[in-house]
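Chemist: You'll find structure_27.txt just under this line, and it carries compact mmCIF, C-alpha atoms.
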```
# COMPACT_ATOMS: atom_id res chain seq x y z
CA MET A 1 10.46 -17.63 -15.50
CA ASP A 2 13.37 -19.45 -13.85
CA SER A 3 16.43 -17.49 -12.87
CA ASN A 4 18.47 -20.69 -12.70
CA ASN A 5 18.34 -20.69 -16.52
CA LYS A 6 18.51 -16.98 -17.22
CA GLN A 7 19.08 -13.68 -15.51
CA THR A 8 16.16 -11.84 -13.96
CA THR A 9 15.75 -8.17 -14.87
CA ILE A 10 13.58 -5.48 -13.32
CA LEU A 11 12.89 -2.26 -15.22
CA LEU A 12 12.12 0.47 -12.66
CA ILE A 13 10.31 3.55 -14.04
CA ASP A 14 9.97 6.32 -11.45
CA SER A 15 11.10 9.96 -11.45
CA ASP A 16 11.88 10.04 -7.71
CA ASP A 17 15.49 8.94 -7.28
CA ARG A 18 15.04 8.30 -3.54
CA PHE A 19 12.06 6.04 -4.05
CA ARG A 20 13.97 4.19 -6.77
CA ARG A 21 16.76 3.53 -4.31
CA LEU A 22 14.25 2.19 -1.83
CA ILE A 23 12.88 -0.24 -4.42
CA ILE A 24 16.39 -1.25 -5.46
CA SER A 25 17.32 -1.97 -1.85
CA ALA A 26 14.28 -4.21 -1.47
CA GLY A 27 14.53 -5.89 -4.87
CA GLU A 28 18.18 -6.44 -5.68
CA GLN A 29 18.28 -9.69 -3.70
CA TYR A 30 15.85 -11.21 -6.22
CA ALA A 31 17.00 -9.65 -9.50
CA SER A 32 20.27 -10.01 -11.34
CA ARG A 33 19.78 -6.54 -12.85
CA ILE A 34 17.66 -3.51 -12.00
CA ILE A 35 17.52 -0.99 -14.85
CA GLN A 36 16.38 2.51 -13.92
CA ALA A 37 14.36 4.97 -16.01
CA THR A 38 13.15 8.37 -14.81
CA SER A 39 10.62 8.89 -17.61
CA LEU A 40 8.62 7.07 -20.27
CA ALA A 41 11.09 8.30 -22.90
CA GLU A 42 13.97 6.64 -21.05
CA ALA A 43 11.90 3.48 -20.63
CA GLU A 44 11.33 3.39 -24.39
CA LEU A 45 15.08 3.41 -24.94
CA GLU A 46 15.73 0.67 -22.37
CA LEU A 47 12.92 -1.78 -23.19
CA PRO A 48 14.27 -3.21 -26.48
CA PHE A 49 17.59 -4.11 -24.87
CA CYS A 50 16.92 -4.99 -21.22
CA LYS A 51 14.24 -7.70 -21.83
CA ALA A 52 12.58 -6.97 -18.50
CA ASP A 53 10.90 -9.80 -16.59
CA LEU A 54 9.25 -7.32 -14.22
CA ILE A 55 8.39 -3.64 -14.73
CA ILE A 56 7.76 -1.43 -11.68
CA LEU A 57 5.93 1.67 -12.90
CA ASP A 58 4.85 4.97 -11.38
CA CYS A 59 1.73 6.31 -13.10
CA GLN A 60 2.57 9.96 -12.42
CA LEU A 61 5.41 10.77 -14.79
CA LYS A 62 5.99 14.17 -16.38
CA ASP A 63 6.35 13.15 -20.01
CA GLY A 64 3.11 11.31 -20.72
CA ASP A 65 0.20 9.16 -19.58
CA ALA A 66 1.67 5.98 -18.11
CA MET A 67 -1.59 4.05 -18.54
CA ASN A 68 -1.76 4.86 -22.26
CA TRP A 69 1.92 3.94 -22.58
CA LEU A 70 1.34 0.59 -20.88
CA GLN A 71 -1.71 -0.08 -23.05
CA ALA A 72 0.33 0.56 -26.20
CA LYS A 73 3.05 -1.76 -24.96
CA ARG A 74 0.55 -4.54 -24.24
CA GLN A 75 -0.94 -4.15 -27.71
CA SER A 76 2.53 -4.40 -29.22
CA GLY A 77 3.08 -7.75 -27.48
CA MET A 78 4.97 -6.84 -24.31
CA ASN A 79 4.16 -9.60 -21.79
CA ALA A 80 6.40 -8.67 -18.85
CA GLU A 81 4.85 -8.70 -15.38
CA VAL A 82 3.98 -5.17 -14.21
CA PHE A 83 3.76 -3.69 -10.71
CA VAL A 84 2.26 -0.20 -10.37
CA ILE A 85 3.37 1.82 -7.32
CA THR A 86 2.01 5.35 -7.47
CA ASN A 87 0.46 8.35 -5.75
CA GLY A 88 -2.26 8.49 -8.39
CA CYS A 89 -4.97 6.22 -9.84
CA HIS A 90 -7.49 6.77 -7.04
CA LEU A 91 -10.49 6.07 -9.27
CA THR A 92 -11.86 2.54 -9.20
CA SER A 93 -12.09 2.66 -13.01
CA ASP A 94 -8.33 3.29 -13.24
CA TYR A 95 -7.69 0.36 -10.91
CA THR A 96 -9.91 -2.06 -12.83
CA LYS A 97 -8.37 -0.98 -16.15
CA LEU A 98 -4.86 -1.54 -14.84
CA LYS A 99 -5.68 -4.94 -13.36
CA SER A 100 -8.20 -6.34 -15.84
CA GLU A 101 -7.23 -4.80 -19.17
CA LEU A 102 -3.53 -4.05 -18.79
CA GLY A 103 -2.49 -7.11 -16.80
CA VAL A 104 -0.98 -5.30 -13.81
CA LYS A 105 -0.17 -7.98 -11.27
CA VAL A 106 0.40 -5.77 -8.21
CA PHE A 107 -1.01 -2.31 -7.54
CA LEU A 108 0.10 -0.25 -4.54
CA HIS A 109 -0.54 3.30 -3.40
CA LYS A 110 2.44 5.22 -2.04
CA PRO A 111 3.71 5.37 0.63
CA VAL A 112 4.90 1.76 0.77
CA SER A 113 7.11 0.59 3.61
CA PRO A 114 10.35 -1.19 2.67
CA TYR A 115 9.24 -4.27 4.59
CA ILE A 116 5.91 -4.55 2.75
CA LEU A 117 7.65 -3.98 -0.57
CA GLY A 118 10.22 -6.65 0.20
CA GLU A 119 7.51 -9.14 1.21
CA ILE A 120 5.58 -8.57 -2.03
CA LEU A 121 8.70 -9.01 -4.15
CA LYS A 122 9.59 -12.10 -2.15
CA GLU A 123 6.15 -13.61 -2.81
CA HIS A 124 6.39 -12.76 -6.51
CA PHE A 125 9.81 -14.27 -7.04
CA GLN A 126 9.14 -17.31 -4.87
CA VAL A 127 6.38 -18.22 -7.29
CA ASP A 128 8.28 -17.54 -10.48
CA SER A 129 11.92 -17.88 -9.62
CA LYS A 130 14.62 -18.43 -7.04
CA PRO A 131 17.47 -16.01 -6.36
CA SER A 132 19.75 -15.88 -9.37
CA ALA A 133 22.40 -18.58 -9.73
CA THR A 134 24.82 -15.87 -10.84
CA LYS A 135 24.96 -14.69 -7.24
CA PRO A 136 26.94 -16.50 -4.53
CA PRO A 137 24.95 -19.42 -3.10
CA SER A 138 23.46 -18.88 0.34
CA ASP A 139 20.70 -20.11 2.61
CA GLY A 140 18.65 -17.00 1.77
CA PRO A 141 18.87 -13.23 1.62
CA ASP A 142 20.90 -11.51 4.32
CA LEU A 143 18.02 -9.71 6.06
CA ASP A 144 20.31 -7.94 8.50
CA ALA A 145 22.35 -6.49 5.63
CA ILE A 146 19.21 -5.43 3.78
CA GLU A 147 17.78 -3.67 6.83
CA ARG A 148 21.10 -1.98 7.53
CA GLU A 149 21.10 -0.66 3.98
CA ILE A 150 17.52 0.58 4.28
CA LYS A 151 18.35 2.25 7.59
CA ALA A 152 21.37 3.93 5.99
CA LEU A 153 19.19 5.12 3.10
CA SER A 154 16.67 6.49 5.59
CA THR A 155 19.36 8.39 7.47
CA GLU A 156 20.79 9.80 4.26
CA TYR A 157 17.33 10.79 3.05
CA MET A 158 16.50 12.57 6.32
CA ARG A 159 19.76 14.52 6.22
CA GLU A 160 18.83 15.95 2.84
CA LEU A 161 15.32 17.05 3.84
CA PRO A 162 16.21 20.33 5.63
CA GLU A 163 17.91 21.61 2.49
CA ARG A 164 14.93 20.57 0.38
CA PHE A 165 12.49 22.39 2.65
CA GLU A 166 14.74 25.45 2.60
CA PHE A 167 14.48 25.28 -1.20
CA LEU A 168 10.68 25.09 -0.96
CA LYS A 169 10.66 28.05 1.41
CA ARG A 170 12.63 30.18 -1.07
CA GLN A 171 10.37 29.07 -3.90
CA VAL A 172 7.24 30.09 -2.00
CA GLN A 173 8.72 33.49 -1.15
CA ASP A 174 9.38 34.06 -4.86
CA LEU A 175 5.86 32.92 -5.76
CA LYS A 176 4.34 35.42 -3.34
CA LEU A 177 6.30 38.15 -5.10
CA GLY A 178 5.07 36.98 -8.49
CA ARG A 179 8.37 35.35 -9.50
CA GLY A 180 9.10 31.76 -10.52
CA GLU A 181 6.79 28.87 -11.36
CA ALA A 182 4.71 26.93 -8.88
CA SER A 183 5.27 23.70 -10.81
CA THR A 184 8.91 23.49 -9.66
CA ALA A 185 7.96 23.67 -5.99
CA LYS A 186 4.94 21.42 -6.55
CA ASN A 187 7.08 18.69 -8.12
CA GLU A 188 9.49 18.81 -5.19
CA ALA A 189 6.68 18.60 -2.63
CA HIS A 190 5.05 15.78 -4.58
CA LYS A 191 8.23 13.70 -4.40
CA ILE A 192 8.59 14.25 -0.66
CA LYS A 193 4.94 13.34 -0.13
CA GLY A 194 5.39 10.03 -1.93
CA THR A 195 8.69 9.05 -0.33
CA ALA A 196 9.01 10.49 3.19
CA SER A 197 6.51 8.11 4.81
CA SER A 198 8.02 5.18 2.91
CA TYR A 199 11.23 5.93 4.81
CA GLY A 200 9.35 6.09 8.11
CA ALA A 201 9.16 9.93 8.29
CA HIS A 202 5.41 9.89 8.84
CA GLU A 203 5.04 13.35 10.38
CA ILE A 204 6.94 14.89 7.49
CA GLY A 205 4.82 12.87 5.09
CA LYS A 206 1.65 14.40 6.55
CA LEU A 207 3.09 17.92 6.30
CA ALA A 208 4.15 17.23 2.71
CA VAL A 209 0.53 16.34 1.89
CA VAL A 210 -0.54 19.81 3.12
CA ILE A 211 2.29 21.52 1.21
CA ASP A 212 1.50 19.63 -1.99
CA ASP A 213 -2.21 20.45 -1.78
CA CYS A 214 -1.52 24.15 -1.19
CA LEU A 215 0.96 24.32 -4.06
CA ARG A 216 -1.54 22.70 -6.41
CA LYS A 217 -3.95 25.53 -5.62
CA VAL A 218 -1.20 28.10 -6.13
CA ASP A 219 -0.24 26.49 -9.44
CA ALA A 220 -3.86 26.62 -10.60
CA ASN A 221 -4.30 30.34 -9.86
CA ALA A 222 -1.70 32.11 -7.72
CA SER A 223 -3.40 35.52 -7.95
CA ALA A 224 -6.60 34.11 -6.44
CA CYS A 225 -4.91 32.63 -3.36
CA ASP A 226 -5.81 34.41 -0.14
CA ALA A 227 -3.61 35.18 2.85
CA ALA A 228 -4.91 32.16 4.76
CA LEU A 229 -3.66 29.74 2.07
CA TRP A 230 -0.21 31.33 1.97
CA LYS A 231 0.00 31.17 5.77
CA THR A 232 -1.03 27.50 5.82
CA LEU A 233 1.63 26.75 3.20
CA GLU A 234 4.39 28.67 4.95
CA ASP A 235 3.53 27.24 8.38
CA ALA A 236 3.61 23.69 6.99
CA ILE A 237 7.02 24.26 5.39
CA ASP A 238 8.42 25.82 8.59
CA GLU A 239 7.12 22.91 10.66
CA ALA A 240 8.50 20.35 8.20
CA LEU A 241 11.85 22.15 8.28
CA ARG A 242 11.86 22.07 12.08
CA VAL A 243 10.92 18.38 12.28
CA SER A 244 13.45 17.35 9.65
CA GLN A 245 16.24 19.30 11.36
CA GLU A 246 15.37 17.71 14.72
CA SER A 247 15.52 14.28 13.07
CA VAL A 248 18.97 15.07 11.68
CA ASP A 249 20.20 16.30 15.07
CA GLN A 250 18.86 13.18 16.76
CA SER A 251 20.44 10.95 14.12
CA ASN A 252 23.81 12.66 14.58
CA SER A 253 23.67 12.21 18.36
CA GLU A 254 22.67 8.56 18.07
CA ALA A 255 25.45 7.87 15.57
CA ALA A 256 28.04 8.58 18.26
CA VAL A 257 26.59 5.90 20.56
CA PRO A 258 27.57 2.30 19.72
CA ALA A 259 24.54 0.03 19.47
CA VAL A 260 23.91 -3.65 18.94
CA TYR A 261 22.11 -4.05 15.62
CA SER A 262 19.01 -6.19 15.24
CA GLU A 263 16.49 -6.47 12.45
CA ARG A 264 13.59 -5.68 14.81
CA GLN A 265 15.31 -2.51 16.07
CA ALA A 266 16.06 -1.42 12.52
CA LEU A 267 12.45 -1.86 11.45
CA SER A 268 11.22 -0.07 14.57
CA SER A 269 13.56 2.87 13.92
CA LEU A 270 11.98 3.26 10.50
CA GLY A 271 8.47 3.24 11.93
CA LEU A 272 7.81 -0.29 10.66
CA SER A 273 6.54 -3.38 12.42
CA CYS A 274 8.00 -6.84 11.93
CA GLY A 275 4.90 -8.39 10.42
CA ARG A 276 2.70 -7.75 7.45
CA GLY A 277 -0.53 -6.02 8.49
CA HIS A 278 -4.07 -5.94 7.23
CA ASN A 279 -5.25 -4.97 3.74
CA ILE A 280 -7.57 -1.96 4.01
CA VAL A 281 -9.73 -0.36 1.29
CA ILE A 282 -11.00 3.19 1.88
CA VAL A 283 -13.59 4.90 -0.34
CA ASP A 284 -14.03 8.65 0.14
CA ASP A 285 -14.46 11.39 -2.50
CA ASP A 286 -12.11 13.71 -0.55
CA PRO A 287 -8.54 12.87 -1.69
CA ASP A 288 -7.02 14.90 1.15
CA PHE A 289 -8.87 12.78 3.70
CA THR A 290 -7.94 9.46 2.07
CA LYS A 291 -4.28 10.56 2.05
CA ARG A 292 -4.43 11.28 5.76
CA VAL A 293 -6.12 8.00 6.64
CA SER A 294 -3.62 6.11 4.45
CA LEU A 295 -0.71 7.71 6.30
CA VAL A 296 -2.20 7.06 9.75
CA LEU A 297 -2.97 3.40 9.06
CA GLY A 298 0.38 3.03 7.31
CA TYR A 299 2.02 3.60 10.71
CA GLU A 300 0.64 0.21 11.68
CA ASP A 301 2.13 -1.50 8.61
CA MET A 302 -1.32 -1.79 7.05
CA LEU A 303 -1.51 -1.90 3.26
CA VAL A 304 -4.04 0.79 2.32
CA TYR A 305 -5.78 1.18 -1.04
CA SER A 306 -7.61 4.51 -1.30
CA PHE A 307 -10.27 5.31 -3.89
CA ASN A 308 -12.31 8.45 -4.50
CA ASP A 309 -15.37 6.74 -6.02
CA ALA A 310 -17.36 3.52 -5.65
CA LYS A 311 -18.35 2.85 -9.28
CA ASN A 312 -16.33 -0.36 -9.67
CA LEU A 313 -16.01 -1.20 -6.01
CA SER A 314 -17.24 -4.80 -6.44
CA ALA A 315 -14.42 -5.56 -8.88
CA VAL A 316 -11.89 -3.90 -6.59
CA LEU A 317 -13.04 -5.92 -3.58
CA ALA A 318 -13.00 -9.15 -5.58
CA ASP A 319 -9.42 -8.50 -6.64
CA LEU A 320 -8.00 -7.21 -3.35
CA SER A 321 -9.99 -9.35 -0.85
CA PRO A 322 -9.48 -6.73 1.89
CA ASP A 323 -9.61 -7.36 5.62
CA LEU A 324 -11.73 -4.24 6.15
CA LEU A 325 -13.59 -1.57 4.15
CA ILE A 326 -13.86 2.09 5.16
CA LEU A 327 -16.74 4.04 3.58
CA ASP A 328 -17.74 7.68 3.43
CA LEU A 329 -21.44 8.42 3.69
CA ASN A 330 -21.98 11.22 1.18
CA MET A 331 -20.22 10.90 -2.17
CA PRO A 332 -21.15 12.31 -5.59
CA ASP A 333 -23.84 10.21 -7.32
CA VAL A 334 -23.76 7.53 -4.64
CA ASP A 335 -25.02 7.03 -1.10
CA GLY A 336 -22.75 5.20 1.34
CA PHE A 337 -25.70 3.38 2.88
CA GLU A 338 -26.69 1.94 -0.49
CA VAL A 339 -23.11 0.90 -1.20
CA CYS A 340 -23.00 -0.91 2.14
CA LYS A 341 -26.33 -2.66 1.49
CA ARG A 342 -25.19 -3.84 -1.98
CA ILE A 343 -21.99 -5.24 -0.51
CA ARG A 344 -23.90 -7.15 2.15
CA LEU A 345 -26.12 -8.74 -0.52
CA ASP A 346 -23.02 -10.37 -2.01
CA SER A 347 -22.33 -13.60 -0.14
CA ARG A 348 -18.58 -13.06 -0.50
CA TRP A 349 -18.67 -9.92 1.66
CA ARG A 350 -21.31 -10.70 4.27
CA ASN A 351 -18.62 -10.96 6.94
CA LEU A 352 -16.34 -8.17 5.64
CA PRO A 353 -15.94 -5.53 8.39
CA ILE A 354 -17.33 -2.20 7.14
CA VAL A 355 -16.63 1.04 8.99
CA PHE A 356 -18.22 4.40 8.18
CA LEU A 357 -16.08 7.55 8.51
CA THR A 358 -18.29 10.60 8.05
CA ALA A 359 -18.91 14.13 9.26
CA GLN A 360 -22.58 13.37 9.95
CA THR A 361 -22.91 12.69 13.68
CA GLY A 362 -26.65 12.57 14.40
CA TRP A 363 -28.09 9.51 16.09
CA GLU A 364 -30.38 8.90 13.10
CA THR A 365 -27.32 8.58 10.87
CA ARG A 366 -25.67 6.16 13.26
CA VAL A 367 -28.77 3.97 13.39
CA ALA A 368 -29.05 4.05 9.59
CA ALA A 369 -25.38 3.04 9.28
CA PHE A 370 -25.86 -0.06 11.41
CA ASP A 371 -29.16 -0.86 9.67
CA ALA A 372 -27.30 -0.78 6.35
CA GLY A 373 -24.94 -3.46 7.65
CA ALA A 374 -21.97 -1.48 8.97
CA ASP A 375 -19.88 -2.85 11.84
CA ASP A 376 -18.72 0.48 13.19
CA TYR A 377 -19.17 4.22 12.83
CA ILE A 378 -16.41 6.81 13.42
CA PRO A 379 -17.31 10.51 13.18
CA LYS A 380 -15.03 13.10 11.60
CA PRO A 381 -12.81 14.79 12.62
CA VAL A 382 -10.94 11.57 13.30
CA VAL A 383 -8.58 11.11 16.24
CA ASN A 384 -5.61 9.14 14.96
CA GLN A 385 -5.22 6.86 17.99
CA GLU A 386 -8.93 6.05 18.02
CA LEU A 387 -8.91 5.32 14.28
CA ILE A 388 -5.96 2.93 14.58
CA ALA A 389 -7.41 1.15 17.62
CA ARG A 390 -10.89 0.65 16.16
CA ILE A 391 -9.72 -0.39 12.69
CA ARG A 392 -7.23 -2.82 14.17
CA PHE A 393 -9.88 -4.22 16.54
CA ARG A 394 -12.43 -4.77 13.76
CA ALA A 395 -9.89 -6.34 11.40
CA GLU A 396 -8.40 -8.60 14.08
CA LYS A 397 -11.84 -9.63 15.32
CA SER A 398 -12.87 -10.58 11.79
CA ARG A 399 -9.66 -12.55 11.26
CA LEU A 400 -10.15 -14.44 14.52
CA GLN A 401 -13.78 -15.22 13.62
CA GLU A 402 -12.64 -16.58 10.26
CA GLN A 403 -10.05 -18.75 11.99
CA VAL A 404 -12.66 -20.06 14.46
CA GLN A 405 -15.13 -20.76 11.65
CA SER A 406 -12.43 -22.47 9.63
CA GLN A 407 -11.38 -24.59 12.60
CA THR A 408 -15.03 -25.40 13.36
CA SER A 409 -15.55 -26.52 9.77
CA ILE A 410 -12.43 -28.68 9.94
CA ASN A 411 -13.57 -30.19 13.23
CA GLN A 412 -17.00 -30.93 11.76
CA LEU A 413 -15.39 -32.63 8.76
CA LEU A 414 -13.12 -34.66 11.06
CA TRP A 415 -16.02 -35.77 13.27
CA ARG A 416 -18.10 -36.63 10.20
CA ALA A 417 -15.22 -38.64 8.75
CA MET A 418 -14.71 -40.44 12.07
CA TYR A 419 -18.43 -41.15 12.30
CA MET A 420 -18.51 -42.57 8.75
CA LEU A 421 -15.46 -44.73 9.52
CA LEU A 422 -17.17 -46.00 12.68
CA VAL A 423 -20.40 -46.81 10.81
CA GLN A 424 -18.44 -48.52 8.06
CA SER A 425 -16.44 -50.49 10.63
CA GLN A 426 -19.60 -51.63 12.41
CA ALA A 427 -21.23 -52.61 9.10
CA THR A 428 -18.14 -54.60 8.17
CA SER A 429 -18.14 -56.33 11.56
CA ARG A 430 -21.82 -57.28 11.22
CA GLN A 431 -21.22 -58.58 7.70
CA GLU A 432 -18.30 -60.67 8.91
CA GLY A 433 -20.46 -61.98 11.78
CA LEU A 434 -23.26 -63.01 9.39
CA SER A 435 -20.76 -64.70 7.14
CA SER A 436 -19.33 -66.70 10.04
CA SER A 437 -22.85 -67.77 11.18
CA GLY A 438 -23.74 -68.94 7.67
CA LYS A 439 -20.65 -71.11 7.46
CA SER A 440 -21.33 -72.62 10.86
CA GLY A 441 -24.90 -73.51 9.86
```
Please render this file's structure as structure tokens.

Modeler:
Amino acid sequence: MDSNNKQTTILLIDSDDRFRRLIISAGEQYASRIIQATSLAEAELELPFCKADLIILDCQLKDGDAMNWLQAKRQSGMNAEVFVITNGCHLTSDYTKLKSELGVKVFLHKPVSPYILGEILKEHFQVDSKPSATKPPSDGPDLDAIEREIKALSTEYMRELPERFEFLKRQVQDLKLGRGEASTAKNEAHKIKGTASSYGAHEIGKLAVVIDDCLRKVDANASACDAALWKTLEDAIDEALRVSQESVDQSNSEAAVPAVYSERQALSSLGLSCGRGHNIVIVDDDPDFTKRVSLVLGYEDMLVYSFNDAKNLSAVLADLSPDLLILDLNMPDVDGFEVCKRIRLDSRWRNLPIVFLTAQTGWETRVAAFDAGADDYIPKPVVNQELIARIRFRAEKSRLQEQVQSQTSINQLLWRAMYMLLVQSQATSRQEGLSSSGKSG
């Protein structure tokens, strides 16, 4: 694909309008057109006419199974590149199907920071195309303008959140009285959960996880929900409302103070760092726990892939080549120790840092974890600061060791090459000396 010869089109299929705007902000520098669809039905109408070069797809859409839809499209001959960015697909079998069978080039779990998203799109289009010739020529994308736009989107998004949490509060009050449908509130909470942390609102993102989980239980059987669940739900909404209103008040006060803009300050204000972090894979059968860990490590600009089973973990590791693996100990039908041992038997992953996160805290368990080949052991409940520090330390240590080993290998090759050149030079000199002696005789 070469955008110097034709326009580049992205088809974006996601029901969350705020997340679509985030993707558009990150991707419009590389695409001539970004076509939006909020459902599979809308995507069906757009596909024949837009001739998409890249499709960005959420797998959790209301009007059908996105994986089945993509499979049907592949069978019909659609060969566009596909990125999947979703809250779902936490089974390793879903991941391997998307990557191996359905040709998904990039798979990401929400939340995704704007910076990470922009870097991935940049890598993709640097390989396949250059910025479109239909746009004014320049030395490159205006990063300051892009970050200003993302910051403006973040501010606008935060200003809408209090009203959205007020809506959720009214919905929950109606549900307690036996009125309304939980699905309406659940869909709203689900959108906030997927988007808030992407805009840097990490605390709200964590609260939205709690709200979403509670509403799923209410939706399943409202009459069976006890007082404790309703209180947890209402407290989370009240706290999210308080935090979002404080963010709006702070934003309003800061808006009145002139400030010198810089890209680093803009990224920092969104909770993002200015460099791409480590790739982390976490395997734990508790989806609530993997969501929490993903959010915590996401603060550090780490790209986290969370899975709730280990059935196809080897294929996942081979495809993602992570910097670190986090394992639970007790999962259905599989023992974390055995998973760790199998990974260590594979020469590709002998040096992969492996960290156990588990509720078992006895010394026998710790010894068994290290005997299985783990590098570290962190007991639950997890302290966020400790988790970040130890994961970062293990990942950075592994990266430095790889760099040292790589440099050592290069040095060995250089010394070997120099030695061979020296031997060859000496042999040549001796040969020339013998030749000169023969002529003299």

Chemist: Contacts of Ala196 of chain A at 12 Å or less, counting all atoms listed in the file, minus same-chain residues fewer than 5 places along, as a short mmCIF file (atom, residue, chain, number, x, y, z; two decimals) with C-alpha atoms, in the coordinates of the input?

Modeler:
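Writing the result to out_24.cif gives the following:
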```
data_model
loop_
_atom_site.label_atom_id
_atom_site.label_comp_id
_atom_site.auth_asym_id
_atom_site.auth_seq_id
_atom_site.Cartn_x
_atom_site.Cartn_y
_atom_site.Cartn_z
CA ASP A 16 11.88 10.04 -7.71
CA ARG A 18 15.04 8.30 -3.54
CA PHE A 19 12.06 6.04 -4.05
CA LEU A 22 14.25 2.19 -1.83
CA LYS A 110 2.44 5.22 -2.04
CA PRO A 111 3.71 5.37 0.63
CA VAL A 112 4.90 1.76 0.77
CA SER A 113 7.11 0.59 3.61
CA PRO A 114 10.35 -1.19 2.67
CA LEU A 153 19.19 5.12 3.10
CA SER A 154 16.67 6.49 5.59
CA THR A 155 19.36 8.39 7.47
CA GLU A 156 20.79 9.80 4.26
CA TYR A 157 17.33 10.79 3.05
CA MET A 158 16.50 12.57 6.32
CA ARG A 159 19.76 14.52 6.22
CA GLU A 160 18.83 15.95 2.84
CA LEU A 161 15.32 17.05 3.84
CA GLU A 188 9.49 18.81 -5.19
CA ALA A 189 6.68 18.60 -2.63
CA HIS A 190 5.05 15.78 -4.58
CA LYS A 191 8.23 13.70 -4.40
CA ALA A 201 9.16 9.93 8.29
CA HIS A 202 5.41 9.89 8.84
CA GLU A 203 5.04 13.35 10.38
CA ILE A 204 6.94 14.89 7.49
CA GLY A 205 4.82 12.87 5.09
CA LYS A 206 1.65 14.40 6.55
CA LEU A 207 3.09 17.92 6.30
CA ALA A 208 4.15 17.23 2.71
CA VAL A 209 0.53 16.34 1.89
CA ALA A 240 8.50 20.35 8.20
CA SER A 244 13.45 17.35 9.65
CA LEU A 270 11.98 3.26 10.50
CA GLY A 271 8.47 3.24 11.93
CA LEU A 295 -0.71 7.71 6.30
#
```

Chemist: Taking all atoms listed in the file into account, which of A:Phe307, A:Asp371, A:Ile116, A:Gly27 comes nearest Cys89 of chain A?

Modeler: A:Phe307

Chemist: Give as a VMD selection string every residue, naming chains and numbers as the document does, that has an atom within 8 Å of (-4.7, 9.1, -0.1), counting all atoms listed in the file.

Modeler: chain A and resid 87 90 109 287 to 295 306 to 307

Chemist: Write a file of the just-selected residues containing C-alpha atoms, as an mmCIF file, in the frame of the given file.

Modeler:
```
data_model
loop_
_atom_site.group_PDB
_atom_site.id
_atom_site.type_symbol
_atom_site.label_atom_id
_atom_site.label_comp_id
_atom_site.auth_asym_id
_atom_site.auth_seq_id
_atom_site.Cartn_x
_atom_site.Cartn_y
_atom_site.Cartn_z
ATOM 1 C CA ASN A 87 0.460 8.350 -5.750
ATOM 2 C CA HIS A 90 -7.490 6.770 -7.040
ATOM 3 C CA HIS A 109 -0.540 3.300 -3.400
ATOM 4 C CA PRO A 287 -8.540 12.870 -1.690
ATOM 5 C CA ASP A 288 -7.020 14.900 1.150
ATOM 6 C CA PHE A 289 -8.870 12.780 3.700
ATOM 7 C CA THR A 290 -7.940 9.460 2.070
ATOM 8 C CA LYS A 291 -4.280 10.560 2.050
ATOM 9 C CA ARG A 292 -4.430 11.280 5.760
ATOM 10 C CA VAL A 293 -6.120 8.000 6.640
ATOM 11 C CA SER A 294 -3.620 6.110 4.450
ATOM 12 C CA LEU A 295 -0.710 7.710 6.300
ATOM 13 C CA SER A 306 -7.610 4.510 -1.300
ATOM 14 C CA PHE A 307 -10.270 5.310 -3.890
#
```

Chemist: Which is closer to Ile24 of chain A than all the others in A:Lys217, A:Leu121, A:Ala359, A:Asp284, using only C-alpha atoms?

Modeler: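 Ranked by minimum distance to Ile24 of chain A, first place goes to A:Leu121.
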
Chemist: Tell me, in Å to one decimal, how far atom CA of Val281 of chain A is from atom CA of Glu123 of chain A.

Modeler: 21.1 Å

Chemist: Could you tell me which of A:Cys340, A:Ala43, A:Cys225, A:Ala152 comes closest to Leu175 of chain A if we count all atoms listed in the file?

Modeler: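 Of the candidates, the smallest distance to Leu175 of chain A is held by A:Cys225.
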
Chemist: Between atom CA of Ile237 of chain A and atom CA of Phe165 of chain A, what distance in Å does the model show, to one decimal?

Modeler: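 Here the two named atoms are 6.4 Å from each other.
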
Chemist: Fewer than 3 positions away in the same chain doesn't count, so skip those; otherwise give me all residues within 12 Å of Met78 of chain A, counting all atoms listed in the file, as a PyMOL selection string.

Modeler: chain A and resi 47-48+51-55+69-75+81-82+102-103

Chemist: Closest to Ser93 of chain A among A:Asp309, A:Asp328, A:Glu396, A:Asp335, using all atoms listed in the file?

Modeler: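 Smallest distance to Ser93 of chain A is found for A:Asp309.
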
Chemist: What would segment 351-356 of chain A look like with N, CA and C atoms restored, written as a short mmCIF file (atom, residue, chain, number, x, y, z; two decimals), in the coordinates of the input?

Modeler:
```cif
data_model
loop_
_atom_site.label_atom_id
_atom_site.label_comp_id
_atom_site.auth_asym_id
_atom_site.auth_seq_id
_atom_site.Cartn_x
_atom_site.Cartn_y
_atom_site.Cartn_z
N ASN A 351 -19.38 -11.06 5.69
CA ASN A 351 -18.62 -10.96 6.94
C ASN A 351 -17.49 -9.93 6.87
N LEU A 352 -17.39 -9.18 5.76
CA LEU A 352 -16.34 -8.17 5.64
C LEU A 352 -16.63 -7.02 6.61
N PRO A 353 -15.71 -6.67 7.51
CA PRO A 353 -15.94 -5.53 8.39
C PRO A 353 -16.05 -4.23 7.58
N ILE A 354 -17.11 -3.48 7.82
CA ILE A 354 -17.33 -2.20 7.14
C ILE A 354 -17.45 -1.12 8.20
N VAL A 355 -16.65 -0.06 8.04
CA VAL A 355 -16.63 1.04 8.99
C VAL A 355 -16.95 2.34 8.24
N PHE A 356 -17.91 3.09 8.75
CA PHE A 356 -18.22 4.40 8.18
C PHE A 356 -17.37 5.47 8.86
#
```
